[in-house]
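Each remark here refers to the structure printed beneath this line.
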Amino acid sequence: MEKKARLATLCVQAGHEPKNGEPRVLPIVQSTTFKYDNTEEMADLFDLKKEGYFYTRLQNPTNDAVARKIAALEGGVGAVLTSSGQAANFYAVFNICEAGDHIVSSNEIYGGTYNLFGVTLKKLGIECTFVSQEASEEEISRAFKPNTKALFGETISNPGCRVLDIEKFARIAHAHGVPLIVDNTFPTPINCRPFEWGADIVTHSTTKYMDGHATQVGGCVVDSGNFDWEKYADRYPGLCTPDESYHGLTYTKAFDKMAYMTKIVSQLMRDLGSIPSPHNAFLLNLGLETLHLRMPRHCENAQRVAEFLHDDKRVAWVHYSGLPDDECYGMAKKYLPEGSCGVIAFGLKGDRQTAVQFMDSLRMIAIVTHVADARTCVLHPASHTHRQLSDEQLREAGVAPDLIRLSVGIEDIEDILSDIRQALDQL
């Protein structure tokens, strides 16, 4: 069913296929552990000789069903849920990197990810070089080193709303023998499937549109199964040489296309344990069931709001790839023909205080440290999500001091526009 069904059907039915007499709705298996009748069965699970459940930190039936659904939506061979989007990005990179290694990343990424790559990974001995995703292939290639292990970008950048040229980034990554990791949080697989454009690994903050209702924090890593780790065995010894913590097992030889995913679960989840609770996975699954219905409404409403802001004399600029004069319009037509997402970046004429005054005047639209759920919300990244960055780092990350991030929800569009209009009238 999962291979042949279309996206809408996968949203509703993938991952959990109940047998005769079993629950129609995905059950919450709220148990830390699982019983076996003899020691040999349990030993085989610990040695990765058999598949099964023995401890929820490693695997849980509820979590795995939701991961299978996301893998099906993205067209991947496997996926794993994590406790947050930040954990997903960390695991995606750390699974193939260690002290002394290097990665290259677009500078147009979420502030938390920018800090993870530029500061925290550095403390672990992993260096990151940030590049402009608009730079030429030759310029980006100059950032690569002999110890580079991955290239990273966001399909639609948070909060700048710039569209990544996935094919260009894939060409660059593969020319240097490394995988392309793409954070596909904003468009979701409903509006973009990066594997179809050459990406190798996809990450998500499932906290956002996939959940859609701001009820749980979570993340996901999905592997396409397409990157040939054995071809670059010297570069990826963690996957291609024996793992002494599993009696000399070599992941690529034992698990073929599932090598990358198996290593994340058996090593990183085992040792670091950034797992979601089964209850959180259950809530995420409820959101996924309506993802294909919500995303078109988010895009439709955001398009109307972007056009309104674009034509208002009090607005200095708007970044939304659905606008014909947006510099990412052509890229969006290629990668996001059905729409991008509900997030708009814009600035008002005036200064930083003008943005604050506008936001404080909103009535229905709430100021929250969140984005991409059913309710329209707003944030000033320079004051909130990106405040840990210096002014120079803000500019490098494409975050202007006046940038307002507006996440357009699925309420009635006239009510959304009315609230924005009355707030602008108070400037």
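Residue names in the structure tokens use chain letters A, B, ... in the order shown, residue numbers from 1 in each chain, and ligand numbers from 1 in the order shown.
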Spatial neighbours of Asp402 (chain A), 8 Å, only C-alpha atoms, chain gap at least 5 places, as a PyMOL selection string: chain A and resi 346-348+351-352+355+380+382
Closest pair table for region 125-201 of chain A residues within 12 Å of region 362-375 of chain A, only C-alpha atoms, as a tab-separated table:
```
residue	atom	partner	partner_atom	distance
A:Asn158	CA	A:Val371	CA	9.6
A:Pro159	CA	A:Val371	CA	9.7
A:Thr185	CA	A:Ala372	CA	9.2
A:Phe186	CA	A:Ala372	CA	7.5
A:Pro187	CA	A:Ala372	CA	10.0
A:Thr188	CA	A:Ala372	CA	10.7
```
Nearest candidate to Asn95 (chain A) (options A:Glu307, A:Asp223, A:Glu74, A:Glu137; using only C-alpha atoms):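 Of A:Glu307, A:Asp223, A:Glu74, A:Glu137, the one nearest Asn95 (chain A), counting only C-alpha atoms, is A:Asp223.
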Near Glu230 (chain A), counting only C-alpha atoms, which residues have an atom at most 10 Å away, once you skip same-chain residues fewer than 6 positions from it, shown as a PDB file with N, CA and C atoms, in the first residue's frame?
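Ended up saving to out_10.pdb:
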```
ATOM      1  N   TYR A 236      33.851   7.267   5.713  1.00  0.00           N
ATOM      2  CA  TYR A 236      32.787   6.963   6.668  1.00  0.00           C
ATOM      3  C   TYR A 236      33.062   5.645   7.389  1.00  0.00           C
ATOM      4  N   PRO A 237      34.127   5.600   8.203  1.00  0.00           N
ATOM      5  CA  PRO A 237      34.481   4.353   8.888  1.00  0.00           C
ATOM      6  C   PRO A 237      33.415   3.887   9.876  1.00  0.00           C
ATOM      7  N   LEU A 239      30.340   3.670   9.475  1.00  0.00           N
ATOM      8  CA  LEU A 239      29.370   2.843   8.777  1.00  0.00           C
ATOM      9  C   LEU A 239      30.006   1.650   8.071  1.00  0.00           C
ATOM     10  N   CYS A 240      31.265   1.822   7.677  1.00  0.00           N
ATOM     11  CA  CYS A 240      31.893   0.851   6.761  1.00  0.00           C
ATOM     12  C   CYS A 240      32.981  -0.006   7.384  1.00  0.00           C
ATOM     13  N   THR A 241      33.253   0.172   8.664  1.00  0.00           N
ATOM     14  CA  THR A 241      34.227  -0.679   9.353  1.00  0.00           C
ATOM     15  C   THR A 241      33.561  -1.280  10.589  1.00  0.00           C
ATOM     16  N   THR A 252      27.149  -1.317   6.911  1.00  0.00           N
ATOM     17  CA  THR A 252      26.850  -1.389   5.480  1.00  0.00           C
ATOM     18  C   THR A 252      26.748  -2.825   4.992  1.00  0.00           C
ATOM     19  N   LYS A 253      27.532  -3.704   5.570  1.00  0.00           N
ATOM     20  CA  LYS A 253      27.500  -5.104   5.146  1.00  0.00           C
ATOM     21  C   LYS A 253      26.288  -5.837   5.731  1.00  0.00           C
ATOM     22  N   ASP A 256      22.899  -3.012   4.546  1.00  0.00           N
ATOM     23  CA  ASP A 256      22.800  -2.465   3.198  1.00  0.00           C
ATOM     24  C   ASP A 256      22.225  -1.047   3.221  1.00  0.00           C
TER      25      ASP A 256
END
```
Distance of CA of Thr290 (chain A) from CA of Leu323 (chain A), expressed in Å to one decimal place: 26.4 Å
Distance criterion (only C-alpha atoms): nearest to Val222 (chain A) out of A:Gln267, A:Ser106, A:Asn89, A:Gln388: A:Asn89
Would you return as a short mmCIF file (atom, residue, chain, number, x, y, z; two decimals) with C-alpha atoms, in the first residue's frame the members of region 41-228 of chain A that DSSP assigns to helix (DSSP H, G or I) on this structure's backbone?
```cif
data_model
loop_
_atom_site.label_atom_id
_atom_site.label_comp_id
_atom_site.auth_asym_id
_atom_site.auth_seq_id
_atom_site.Cartn_x
_atom_site.Cartn_y
_atom_site.Cartn_z
CA GLU A 41 15.64 -14.13 22.07
CA MET A 42 16.65 -11.06 24.05
CA ALA A 43 20.34 -11.61 23.26
CA ASP A 44 19.63 -11.73 19.53
CA LEU A 45 17.87 -8.36 19.77
CA PHE A 46 20.81 -6.79 21.57
CA PRO A 61 5.83 0.24 18.19
CA THR A 62 3.99 3.59 18.30
CA ASN A 63 7.08 5.61 17.45
CA ASP A 64 8.12 3.23 14.69
CA ALA A 65 4.70 3.32 13.02
CA VAL A 66 4.82 7.11 12.79
CA ALA A 67 8.41 7.00 11.53
CA ARG A 68 7.33 4.57 8.80
CA LYS A 69 4.57 6.97 7.77
CA ILE A 70 7.02 9.87 7.41
CA ALA A 71 9.47 7.67 5.51
CA ALA A 72 6.66 6.72 3.12
CA LEU A 73 5.68 10.37 2.63
CA GLU A 74 9.28 11.35 1.84
CA GLY A 85 13.98 18.98 15.34
CA GLN A 86 17.26 20.08 16.87
CA ALA A 87 17.98 16.50 17.90
CA ALA A 88 17.14 15.35 14.37
CA ASN A 89 19.67 17.73 12.80
CA PHE A 90 22.29 16.82 15.39
CA TYR A 91 21.79 13.09 14.85
CA ALA A 92 21.78 13.42 11.05
CA VAL A 93 25.23 15.03 11.16
CA PHE A 94 26.76 13.29 14.17
CA GLY A 111 19.14 30.22 14.30
CA GLY A 112 19.22 27.21 16.61
CA THR A 113 20.73 25.05 13.87
CA TYR A 114 23.23 27.79 13.02
CA ASN A 115 24.32 27.83 16.67
CA LEU A 116 24.40 24.01 16.81
CA PHE A 117 26.72 23.82 13.81
CA GLY A 118 28.82 26.91 14.52
CA VAL A 119 29.24 26.63 18.30
CA THR A 120 28.16 23.34 19.86
CA LEU A 121 29.56 20.98 17.22
CA LYS A 122 32.80 22.93 17.41
CA LYS A 123 33.07 21.93 21.07
CA GLU A 137 28.96 26.07 -7.42
CA GLU A 138 32.66 26.92 -7.71
CA GLU A 139 32.54 29.26 -4.71
CA ILE A 140 30.64 26.79 -2.53
CA SER A 141 33.02 24.01 -3.59
CA ILE A 166 18.40 21.42 -4.12
CA GLU A 167 19.74 20.10 -7.43
CA LYS A 168 22.69 22.50 -7.29
CA PHE A 169 23.50 21.55 -3.71
CA ALA A 170 23.17 17.85 -4.58
CA ARG A 171 25.60 18.24 -7.49
CA ILE A 172 28.12 19.97 -5.25
CA ALA A 173 27.79 17.40 -2.45
CA HIS A 174 28.09 14.40 -4.76
CA ALA A 175 31.03 15.91 -6.64
CA THR A 188 6.77 19.14 4.27
CA PRO A 189 6.66 16.25 1.78
CA ILE A 190 3.23 17.50 0.67
CA ASN A 191 4.89 20.41 -1.16
CA PRO A 194 13.93 16.54 -1.66
CA PHE A 195 14.96 12.95 -2.50
CA GLU A 196 13.45 13.44 -5.95
CA TRP A 197 15.91 16.31 -6.51
#
```
Non-local contacts of region 292-297 of chain A (9 Å; only C-alpha atoms; under 2 positions in same chain excluded) as a list of chain:residue names: A:Leu7, A:Ala8, A:Cys11, A:Pro187, A:Thr188, A:Ile190, A:Asn191, A:Tyr209, A:Gly212, A:Leu288, A:Glu289, A:Thr290, A:Cys299, A:Glu300, A:Asn301, A:Ala302, A:Glu338, A:Gly339, A:Ser340, A:Cys341, A:Gly342, A:Ala374, A:Gly409, A:Ile410, A:Glu411
Residues near region 142-147 of chain A, cut-off 10 Å, only C-alpha atoms, skip fewer than 5 positions along chain, as a ChimeraX atom specification: /A:97,100-105,126-131,137,172-173,176,235
Contact residues around Ala332 (chain A) with only C-alpha atoms at 10 Å, ignoring same-chain residues under 2 positions, as an MDAnalysis selection string: chainID A and resid 155:156 162:165 192 320:323 326:330 334:340
Expected file: the selected residues, N, CA and C atoms, as a JSON list (two decimals), in the first residue's frame:
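What ended up in selection-v7.json:
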```json
[["chain", "number", "residue", "atom", "x", "y", "z"],
["A", 155, "THR", "N", 15.14, 23.49, 2.83],
["A", 155, "THR", "CA", 14.34, 23.65, 1.62],
["A", 155, "THR", "C", 13.81, 25.07, 1.51],
["A", 156, "ILE", "N", 13.17, 25.55, 2.58],
["A", 156, "ILE", "CA", 12.78, 26.95, 2.73],
["A", 156, "ILE", "C", 13.39, 27.43, 4.03],
["A", 162, "ARG", "N", 13.88, 31.81, 2.04],
["A", 162, "ARG", "CA", 14.56, 31.64, 0.77],
["A", 162, "ARG", "C", 14.51, 30.16, 0.37],
["A", 163, "VAL", "N", 14.37, 29.91, -0.93],
["A", 163, "VAL", "CA", 14.22, 28.55, -1.44],
["A", 163, "VAL", "C", 15.59, 28.01, -1.86],
["A", 164, "LEU", "N", 15.91, 26.82, -1.40],
["A", 164, "LEU", "CA", 17.19, 26.18, -1.70],
["A", 164, "LEU", "C", 17.16, 25.56, -3.10],
["A", 165, "ASP", "N", 18.24, 25.77, -3.85],
["A", 165, "ASP", "CA", 18.40, 25.08, -5.13],
["A", 165, "ASP", "C", 18.94, 23.68, -4.82],
["A", 192, "CYS", "N", 7.12, 19.40, -1.14],
["A", 192, "CYS", "CA", 8.45, 19.13, -1.72],
["A", 192, "CYS", "C", 8.99, 17.82, -1.17],
["A", 320, "TYR", "N", 8.28, 36.26, 0.08],
["A", 320, "TYR", "CA", 7.40, 35.10, -0.03],
["A", 320, "TYR", "C", 7.49, 34.61, -1.45],
["A", 321, "SER", "N", 7.88, 33.36, -1.62],
["A", 321, "SER", "CA", 8.22, 32.87, -2.96],
["A", 321, "SER", "C", 7.02, 32.78, -3.89],
["A", 322, "GLY", "N", 5.81, 32.97, -3.37],
["A", 322, "GLY", "CA", 4.64, 32.97, -4.23],
["A", 322, "GLY", "C", 4.39, 34.28, -4.94],
["A", 323, "LEU", "N", 5.14, 35.33, -4.57],
["A", 323, "LEU", "CA", 5.01, 36.63, -5.22],
["A", 323, "LEU", "C", 5.83, 36.64, -6.50],
["A", 326, "ASP", "N", 9.29, 38.14, -6.31],
["A", 326, "ASP", "CA", 10.21, 37.63, -5.30],
["A", 326, "ASP", "C", 11.38, 36.96, -6.00],
["A", 327, "GLU", "N", 12.58, 37.14, -5.46],
["A", 327, "GLU", "CA", 13.77, 36.60, -6.12],
["A", 327, "GLU", "C", 13.82, 35.08, -6.10],
["A", 328, "CYS", "N", 13.00, 34.45, -5.25],
["A", 328, "CYS", "CA", 12.94, 32.98, -5.23],
["A", 328, "CYS", "C", 11.74, 32.43, -5.99],
["A", 329, "TYR", "N", 11.02, 33.28, -6.70],
["A", 329, "TYR", "CA", 9.80, 32.86, -7.40],
["A", 329, "TYR", "C", 10.09, 31.74, -8.40],
["A", 330, "GLY", "N", 11.13, 31.91, -9.21],
["A", 330, "GLY", "CA", 11.48, 30.91, -10.20],
["A", 330, "GLY", "C", 11.88, 29.59, -9.56],
["A", 334, "LYS", "N", 9.92, 25.72, -9.60],
["A", 334, "LYS", "CA", 10.58, 24.45, -9.90],
["A", 334, "LYS", "C", 10.37, 23.42, -8.78],
["A", 335, "TYR", "N", 10.68, 23.81, -7.54],
["A", 335, "TYR", "CA", 10.68, 22.86, -6.45],
["A", 335, "TYR", "C", 9.36, 22.81, -5.67],
["A", 336, "LEU", "N", 8.58, 23.88, -5.74],
["A", 336, "LEU", "CA", 7.36, 23.98, -4.92],
["A", 336, "LEU", "C", 6.17, 24.40, -5.77],
["A", 337, "PRO", "N", 5.86, 23.68, -6.83],
["A", 337, "PRO", "CA", 4.81, 24.11, -7.75],
["A", 337, "PRO", "C", 3.42, 24.14, -7.13],
["A", 338, "GLU", "N", 3.21, 23.36, -6.07],
["A", 338, "GLU", "CA", 1.89, 23.33, -5.42],
["A", 338, "GLU", "C", 1.77, 24.34, -4.29],
["A", 339, "GLY", "N", 2.86, 25.09, -4.02],
["A", 339, "GLY", "CA", 2.86, 26.04, -2.91],
["A", 339, "GLY", "C", 4.04, 25.77, -2.00],
["A", 340, "SER", "N", 4.42, 26.76, -1.22],
["A", 340, "SER", "CA", 5.59, 26.60, -0.36],
["A", 340, "SER", "C", 5.18, 26.27, 1.08]]
```
Strand (DSSP E) call set, DSSP backbone run, region 124-253 of chain A, as number ranges by chain: A: 127-131, 148-154, 180-183, 201-205, 219-223
Write a file of the just-selected residues containing N, CA and C atoms, as a PDB file, in the first residue's frame.
```pdb
ATOM      1  N   GLU A 127      34.048  20.968  12.813  1.00  0.00           N
ATOM      2  CA  GLU A 127      34.020  22.337  12.306  1.00  0.00           C
ATOM      3  C   GLU A 127      32.955  22.484  11.223  1.00  0.00           C
ATOM      4  N   CYS A 128      32.421  23.709  11.102  1.00  0.00           N
ATOM      5  CA  CYS A 128      31.435  23.997  10.071  1.00  0.00           C
ATOM      6  C   CYS A 128      31.819  25.263   9.325  1.00  0.00           C
ATOM      7  N   THR A 129      31.743  25.216   8.006  1.00  0.00           N
ATOM      8  CA  THR A 129      31.926  26.406   7.180  1.00  0.00           C
ATOM      9  C   THR A 129      30.572  26.776   6.587  1.00  0.00           C
ATOM     10  N   PHE A 130      30.132  28.020   6.822  1.00  0.00           N
ATOM     11  CA  PHE A 130      28.857  28.495   6.295  1.00  0.00           C
ATOM     12  C   PHE A 130      29.073  29.186   4.954  1.00  0.00           C
ATOM     13  N   VAL A 131      28.169  28.908   4.025  1.00  0.00           N
ATOM     14  CA  VAL A 131      28.267  29.490   2.686  1.00  0.00           C
ATOM     15  C   VAL A 131      26.934  30.107   2.302  1.00  0.00           C
ATOM     16  N   THR A 148      35.707  16.961   4.945  1.00  0.00           N
ATOM     17  CA  THR A 148      34.288  17.327   4.901  1.00  0.00           C
ATOM     18  C   THR A 148      33.441  16.072   4.762  1.00  0.00           C
ATOM     19  N   LYS A 149      32.364  15.995   5.573  1.00  0.00           N
ATOM     20  CA  LYS A 149      31.536  14.788   5.604  1.00  0.00           C
ATOM     21  C   LYS A 149      30.102  15.004   5.126  1.00  0.00           C
ATOM     22  N   ALA A 150      29.640  16.261   5.023  1.00  0.00           N
ATOM     23  CA  ALA A 150      28.240  16.478   4.630  1.00  0.00           C
ATOM     24  C   ALA A 150      28.040  17.921   4.195  1.00  0.00           C
ATOM     25  N   LEU A 151      26.992  18.124   3.385  1.00  0.00           N
ATOM     26  CA  LEU A 151      26.523  19.458   3.005  1.00  0.00           C
ATOM     27  C   LEU A 151      25.084  19.578   3.501  1.00  0.00           C
ATOM     28  N   PHE A 152      24.728  20.739   4.068  1.00  0.00           N
ATOM     29  CA  PHE A 152      23.415  20.905   4.718  1.00  0.00           C
ATOM     30  C   PHE A 152      22.722  22.162   4.220  1.00  0.00           C
ATOM     31  N   GLY A 153      21.399  22.083   4.078  1.00  0.00           N
ATOM     32  CA  GLY A 153      20.596  23.250   3.739  1.00  0.00           C
ATOM     33  C   GLY A 153      19.150  23.038   4.139  1.00  0.00           C
ATOM     34  N   GLU A 154      18.352  24.107   4.095  1.00  0.00           N
ATOM     35  CA  GLU A 154      16.918  24.044   4.387  1.00  0.00           C
ATOM     36  C   GLU A 154      16.139  24.302   3.102  1.00  0.00           C
ATOM     37  N   LEU A 180      24.009  15.016   0.781  1.00  0.00           N
ATOM     38  CA  LEU A 180      23.298  16.269   1.010  1.00  0.00           C
ATOM     39  C   LEU A 180      22.184  16.006   2.024  1.00  0.00           C
ATOM     40  N   ILE A 181      22.218  16.766   3.124  1.00  0.00           N
ATOM     41  CA  ILE A 181      21.189  16.696   4.156  1.00  0.00           C
ATOM     42  C   ILE A 181      20.305  17.931   4.018  1.00  0.00           C
ATOM     43  N   VAL A 182      19.003  17.728   3.898  1.00  0.00           N
ATOM     44  CA  VAL A 182      18.074  18.843   3.709  1.00  0.00           C
ATOM     45  C   VAL A 182      17.011  18.833   4.796  1.00  0.00           C
ATOM     46  N   ASP A 183      16.874  19.943   5.493  1.00  0.00           N
ATOM     47  CA  ASP A 183      15.786  20.135   6.449  1.00  0.00           C
ATOM     48  C   ASP A 183      14.545  20.549   5.667  1.00  0.00           C
ATOM     49  N   ILE A 201      19.548  12.696   2.613  1.00  0.00           N
ATOM     50  CA  ILE A 201      18.975  12.572   3.955  1.00  0.00           C
ATOM     51  C   ILE A 201      18.074  13.782   4.185  1.00  0.00           C
ATOM     52  N   VAL A 202      16.921  13.559   4.782  1.00  0.00           N
ATOM     53  CA  VAL A 202      15.985  14.642   5.080  1.00  0.00           C
ATOM     54  C   VAL A 202      15.724  14.668   6.577  1.00  0.00           C
ATOM     55  N   THR A 203      15.637  15.879   7.128  1.00  0.00           N
ATOM     56  CA  THR A 203      15.273  16.038   8.533  1.00  0.00           C
ATOM     57  C   THR A 203      14.009  16.884   8.635  1.00  0.00           C
ATOM     58  N   HIS A 204      13.345  16.760   9.773  1.00  0.00           N
ATOM     59  CA  HIS A 204      12.156  17.550  10.045  1.00  0.00           C
ATOM     60  C   HIS A 204      12.118  17.954  11.509  1.00  0.00           C
ATOM     61  N   SER A 205      11.608  19.149  11.756  1.00  0.00           N
ATOM     62  CA  SER A 205      11.063  19.457  13.069  1.00  0.00           C
ATOM     63  C   SER A 205       9.585  19.109  12.957  1.00  0.00           C
ATOM     64  N   GLY A 219      11.073  15.518  16.258  1.00  0.00           N
ATOM     65  CA  GLY A 219      11.865  15.614  15.035  1.00  0.00           C
ATOM     66  C   GLY A 219      11.904  14.275  14.338  1.00  0.00           C
ATOM     67  N   CYS A 220      12.481  14.261  13.147  1.00  0.00           N
ATOM     68  CA  CYS A 220      12.581  13.015  12.384  1.00  0.00           C
ATOM     69  C   CYS A 220      13.766  13.092  11.439  1.00  0.00           C
ATOM     70  N   VAL A 221      14.459  11.974  11.273  1.00  0.00           N
ATOM     71  CA  VAL A 221      15.522  11.812  10.277  1.00  0.00           C
ATOM     72  C   VAL A 221      15.076  10.728   9.309  1.00  0.00           C
ATOM     73  N   VAL A 222      15.146  11.032   8.011  1.00  0.00           N
ATOM     74  CA  VAL A 222      14.742  10.073   6.973  1.00  0.00           C
ATOM     75  C   VAL A 222      15.924   9.848   6.031  1.00  0.00           C
ATOM     76  N   ASP A 223      16.177   8.595   5.690  1.00  0.00           N
ATOM     77  CA  ASP A 223      17.269   8.268   4.763  1.00  0.00           C
ATOM     78  C   ASP A 223      16.681   7.790   3.435  1.00  0.00           C
TER      79      ASP A 223
END
```
All residues 10 Å or closer to Tyr251 (chain A), only C-alpha atoms, same chain fewer than 6 positions away omitted, as a list in words: Pro237, Gly238, Leu239, Cys240, Thr241, Pro242, Asp243, Lys257, Met258, Ala259, Tyr260, Met261, Thr262 and Lys263 of chain A
Among the residues A:Arg421, A:His384, A:His279, A:His298, the one that comes closest to Lys313 (chain A) [using only C-alpha atoms]: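 Selected residue with least distance to Lys313 (chain A): A:Arg421.
Distance check against Ser84 (chain A) using only C-alpha atoms: of A:Thr206, A:Gln393, A:Ser132, A:Ser224, the minimum falls on A:Thr206.
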d(CA of Ala214 (chain A), CA of Asn184 (chain A)) in Å: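 Atom-to-atom, CA of Ala214 (chain A) to CA of Asn184 (chain A), that is 17.9 Å.
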